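Since the structure comes first, as structure tokens, the remarks are kept for the end.
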Amino acid sequence: MEIALEEARLAARRGEVPVGAVVVRDGRLLARAGNRTRELADPTAHAEILAIRAACAAEAAERLTGADLYVTLEPCAMCAGAISFARIRRLYFAAPDPKGGGVIHGGRFFSQPTCHHAPEVYEGIGEAEAAALLRQFFAARRGTPDE
């Protein structure tokens with residue numbers, strides 16, 4: 001998760017929402033990414049999507065069976081769909097996202113009968129730091145002190 005947090009900090013420095021993700025298999029880092037939606041003018045350039053794309057390219061495969069994804073924020077429904085389609089084995093996420101999350105909030109993608117693959121889900125790893133990064137980022141945008 002520390003590498004994902006590093007990617008989140010880098011994203012914040014680029015003016016992106018501070019979310020980072022890494023894909024790992026058998027202790028080997030396959031890919032790492034941070035949000036780049038503004039930089040790439042692409043609403044799908046979430047950290048999870050970029051990390052999954054890079055890992056698939058590195059493995060020359062459309063599926064990442066046996067791989068784990070670490071991400072600093074609960075994935076949205078779009079990213080949950082990509083996680084399912086990529087056949088990610090385990091999802092570890094830091095901070096919950098009550099407004100935009102699609103795993104334990106919102107549509108709860110992996111609980112739907114139309115979901116063909118649901119990873120094991122572990123939440124709260126690195127939550128305090130990830131949540132603090134997000135609070136600081138948005139407080140700076142609003143011009144209000146971080147609470």
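Note on naming: chains are A, B, ... as they come in the structure tokens, residues start from 1 per chain, ligands start from 1 in the order shown.
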Please return as a compact mmCIF listing (two decimals) with all heavy atoms, in the first residue's frame: the residues of region 84-126 of chain A that backbone DSSP assigns to strand (DSSP E).
```txt
# COMPACT_ATOMS: atom_id res chain seq x y z
N ARG A 90 -7.48 -10.35 -5.34
CA ARG A 90 -7.78 -9.65 -4.10
C ARG A 90 -7.70 -8.14 -4.32
O ARG A 90 -6.80 -7.67 -5.00
CB ARG A 90 -6.77 -10.00 -3.00
CG ARG A 90 -6.88 -11.42 -2.52
CD ARG A 90 -5.92 -11.66 -1.35
NE ARG A 90 -5.79 -13.07 -1.11
CZ ARG A 90 -4.67 -13.76 -1.32
NH1 ARG A 90 -3.58 -13.17 -1.74
NH2 ARG A 90 -4.65 -15.06 -1.08
N LEU A 91 -8.64 -7.43 -3.71
CA LEU A 91 -8.65 -5.97 -3.73
C LEU A 91 -8.42 -5.49 -2.31
O LEU A 91 -9.15 -5.87 -1.39
CB LEU A 91 -10.01 -5.46 -4.23
CG LEU A 91 -10.30 -3.97 -4.01
CD1 LEU A 91 -9.31 -3.09 -4.79
CD2 LEU A 91 -11.73 -3.64 -4.36
N TYR A 92 -7.39 -4.66 -2.14
CA TYR A 92 -7.11 -4.02 -0.87
C TYR A 92 -7.29 -2.52 -1.09
O TYR A 92 -6.65 -1.96 -1.98
CB TYR A 92 -5.66 -4.26 -0.44
CG TYR A 92 -5.29 -5.72 -0.25
CD1 TYR A 92 -4.80 -6.48 -1.31
CD2 TYR A 92 -5.40 -6.31 1.00
CE1 TYR A 92 -4.44 -7.81 -1.13
CE2 TYR A 92 -5.04 -7.65 1.19
CZ TYR A 92 -4.57 -8.39 0.12
OH TYR A 92 -4.21 -9.70 0.29
N PHE A 93 -8.17 -1.89 -0.32
CA PHE A 93 -8.28 -0.44 -0.46
C PHE A 93 -8.20 0.24 0.89
O PHE A 93 -8.54 -0.33 1.92
CB PHE A 93 -9.52 -0.02 -1.26
CG PHE A 93 -10.84 -0.20 -0.58
CD1 PHE A 93 -11.34 0.77 0.28
CD2 PHE A 93 -11.62 -1.32 -0.82
CE1 PHE A 93 -12.58 0.62 0.88
CE2 PHE A 93 -12.85 -1.48 -0.23
CZ PHE A 93 -13.33 -0.51 0.63
N ALA A 94 -7.71 1.48 0.86
CA ALA A 94 -7.45 2.22 2.09
C ALA A 94 -8.71 2.92 2.60
O ALA A 94 -9.34 2.45 3.53
CB ALA A 94 -6.31 3.21 1.85
N ALA A 95 -9.07 4.02 1.98
CA ALA A 95 -10.18 4.84 2.47
C ALA A 95 -11.50 4.47 1.80
O ALA A 95 -11.53 4.24 0.59
CB ALA A 95 -9.87 6.32 2.23
N GLU A 120 -11.66 -11.11 -3.49
CA GLU A 120 -11.70 -10.95 -2.04
C GLU A 120 -11.44 -9.47 -1.79
O GLU A 120 -10.59 -8.87 -2.45
CB GLU A 120 -10.61 -11.77 -1.37
CG GLU A 120 -10.74 -13.26 -1.53
CD GLU A 120 -9.53 -14.00 -0.97
OE1 GLU A 120 -8.90 -13.51 0.00
OE2 GLU A 120 -9.20 -15.05 -1.54
N VAL A 121 -12.15 -8.87 -0.85
CA VAL A 121 -12.03 -7.44 -0.59
C VAL A 121 -11.57 -7.21 0.85
O VAL A 121 -12.14 -7.77 1.79
CB VAL A 121 -13.36 -6.70 -0.83
CG1 VAL A 121 -13.24 -5.21 -0.48
CG2 VAL A 121 -13.81 -6.87 -2.28
N TYR A 122 -10.53 -6.38 0.99
CA TYR A 122 -10.00 -6.01 2.30
C TYR A 122 -9.93 -4.50 2.35
O TYR A 122 -9.31 -3.88 1.48
CB TYR A 122 -8.60 -6.62 2.51
CG TYR A 122 -8.61 -8.13 2.42
CD1 TYR A 122 -8.39 -8.76 1.19
CD2 TYR A 122 -8.87 -8.91 3.53
CE1 TYR A 122 -8.42 -10.14 1.09
CE2 TYR A 122 -8.90 -10.29 3.44
CZ TYR A 122 -8.68 -10.90 2.22
OH TYR A 122 -8.72 -12.27 2.12
N GLU A 123 -10.55 -3.91 3.34
CA GLU A 123 -10.60 -2.45 3.42
C GLU A 123 -9.86 -1.92 4.64
O GLU A 123 -9.61 -2.65 5.60
CB GLU A 123 -12.05 -1.97 3.45
CG GLU A 123 -12.84 -2.53 4.61
CD GLU A 123 -14.28 -2.11 4.60
OE1 GLU A 123 -14.54 -0.92 4.86
OE2 GLU A 123 -15.13 -2.97 4.35
```
Region 48-73 of chain A near region 8-27 of chain A within 6 Å: what's each residue's closest atom pair and its distance in Å to one decimal, counting only C-alpha atoms, ordered by chain then ascending residue number, as JSON lines?
```
{"residue": "A:Glu48", "atom": "CA", "partner": "A:Ala21", "partner_atom": "CA", "distance": 5.5}
{"residue": "A:Ala67", "atom": "CA", "partner": "A:Arg25", "partner_atom": "CA", "distance": 4.4}
{"residue": "A:Asp68", "atom": "CA", "partner": "A:Val24", "partner_atom": "CA", "distance": 5.2}
{"residue": "A:Leu69", "atom": "CA", "partner": "A:Val23", "partner_atom": "CA", "distance": 4.6}
{"residue": "A:Tyr70", "atom": "CA", "partner": "A:Val22", "partner_atom": "CA", "distance": 5.3}
{"residue": "A:Val71", "atom": "CA", "partner": "A:Ala21", "partner_atom": "CA", "distance": 4.2}
{"residue": "A:Thr72", "atom": "CA", "partner": "A:Val19", "partner_atom": "CA", "distance": 5.6}
```
Query raised in the report: Could you pull the residues within 9 Å of His116 (chain A), counting only C-alpha atoms, minus those fewer than 4 positions along the same chain, as a VMD selection string?
Result: chain A and resid 84 to 85 110 112
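Between CA of Ala57 (chain A) and CA of Leu134 (chain A) lies a distance of 29.3 Å.
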Requested in this report: Could you check which of A:Ala31, A:Cys76, A:Ile104, A:Gly66 is closest to His46 (chain A), using only C-alpha atoms?
Outcome: A:Cys76
Report task. Determine which residues of chain A DSSP labels as helix (DSSP H, G or I) from the backbone of this structure, then write them out as a ChimeraX atom specification. Result -> /A:2-13,37-40,47-59,77-85,109-111,127-142
**Report entry** Non-local contacts of Glu62 (chain A) (10 Å; only C-alpha atoms; under 3 positions in same chain excluded) as an MDAnalysis selection string
**Finding:** chainID A and resid 52:53 55:57 59 65 85:87
For the residues selected in the previous step, produce a file with N, CA, C and O atoms as a PDB file, in the first residue's frame.
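Output file result-v8.pdb follows:
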```
ATOM      1  N   ILE A  52      -4.248  -1.409 -14.048  1.00  0.00           N
ATOM      2  CA  ILE A  52      -4.697  -2.661 -14.679  1.00  0.00           C
ATOM      3  C   ILE A  52      -4.240  -2.711 -16.130  1.00  0.00           C
ATOM      4  O   ILE A  52      -3.734  -3.743 -16.591  1.00  0.00           O
ATOM      5  N   ARG A  53      -4.401  -1.613 -16.858  1.00  0.00           N
ATOM      6  CA  ARG A  53      -3.946  -1.575 -18.259  1.00  0.00           C
ATOM      7  C   ARG A  53      -2.453  -1.872 -18.365  1.00  0.00           C
ATOM      8  O   ARG A  53      -2.016  -2.653 -19.210  1.00  0.00           O
ATOM      9  N   ALA A  55      -0.501  -3.404 -16.185  1.00  0.00           N
ATOM     10  CA  ALA A  55      -0.201  -4.782 -15.786  1.00  0.00           C
ATOM     11  C   ALA A  55      -0.575  -5.763 -16.893  1.00  0.00           C
ATOM     12  O   ALA A  55       0.182  -6.702 -17.174  1.00  0.00           O
ATOM     13  N   CYS A  56      -1.720  -5.544 -17.531  1.00  0.00           N
ATOM     14  CA  CYS A  56      -2.118  -6.410 -18.651  1.00  0.00           C
ATOM     15  C   CYS A  56      -1.105  -6.311 -19.792  1.00  0.00           C
ATOM     16  O   CYS A  56      -0.731  -7.324 -20.387  1.00  0.00           O
ATOM     17  N   ALA A  57      -0.644  -5.103 -20.079  1.00  0.00           N
ATOM     18  CA  ALA A  57       0.356  -4.922 -21.133  1.00  0.00           C
ATOM     19  C   ALA A  57       1.662  -5.623 -20.762  1.00  0.00           C
ATOM     20  O   ALA A  57       2.267  -6.304 -21.597  1.00  0.00           O
ATOM     21  N   GLU A  59       2.053  -8.175 -18.858  1.00  0.00           N
ATOM     22  CA  GLU A  59       1.860  -9.623 -18.861  1.00  0.00           C
ATOM     23  C   GLU A  59       1.368 -10.141 -20.218  1.00  0.00           C
ATOM     24  O   GLU A  59       1.217 -11.356 -20.386  1.00  0.00           O
ATOM     25  N   THR A  65      -5.316 -13.016 -13.485  1.00  0.00           N
ATOM     26  CA  THR A  65      -5.638 -14.060 -12.520  1.00  0.00           C
ATOM     27  C   THR A  65      -4.481 -14.237 -11.533  1.00  0.00           C
ATOM     28  O   THR A  65      -3.327 -14.297 -11.931  1.00  0.00           O
ATOM     29  N   PHE A  85     -13.544  -7.743 -14.509  1.00  0.00           N
ATOM     30  CA  PHE A  85     -13.203  -8.234 -15.850  1.00  0.00           C
ATOM     31  C   PHE A  85     -11.753  -8.708 -15.924  1.00  0.00           C
ATOM     32  O   PHE A  85     -11.435  -9.648 -16.657  1.00  0.00           O
ATOM     33  N   ALA A  86     -10.867  -8.058 -15.175  1.00  0.00           N
ATOM     34  CA  ALA A  86      -9.450  -8.448 -15.166  1.00  0.00           C
ATOM     35  C   ALA A  86      -9.201  -9.682 -14.300  1.00  0.00           C
ATOM     36  O   ALA A  86      -8.102 -10.210 -14.295  1.00  0.00           O
ATOM     37  N   ARG A  87     -10.213 -10.102 -13.565  1.00  0.00           N
ATOM     38  CA  ARG A  87     -10.119 -11.282 -12.695  1.00  0.00           C
ATOM     39  C   ARG A  87      -9.078 -11.102 -11.583  1.00  0.00           C
ATOM     40  O   ARG A  87      -8.344 -12.033 -11.237  1.00  0.00           O
TER      41      ARG A  87
END
```
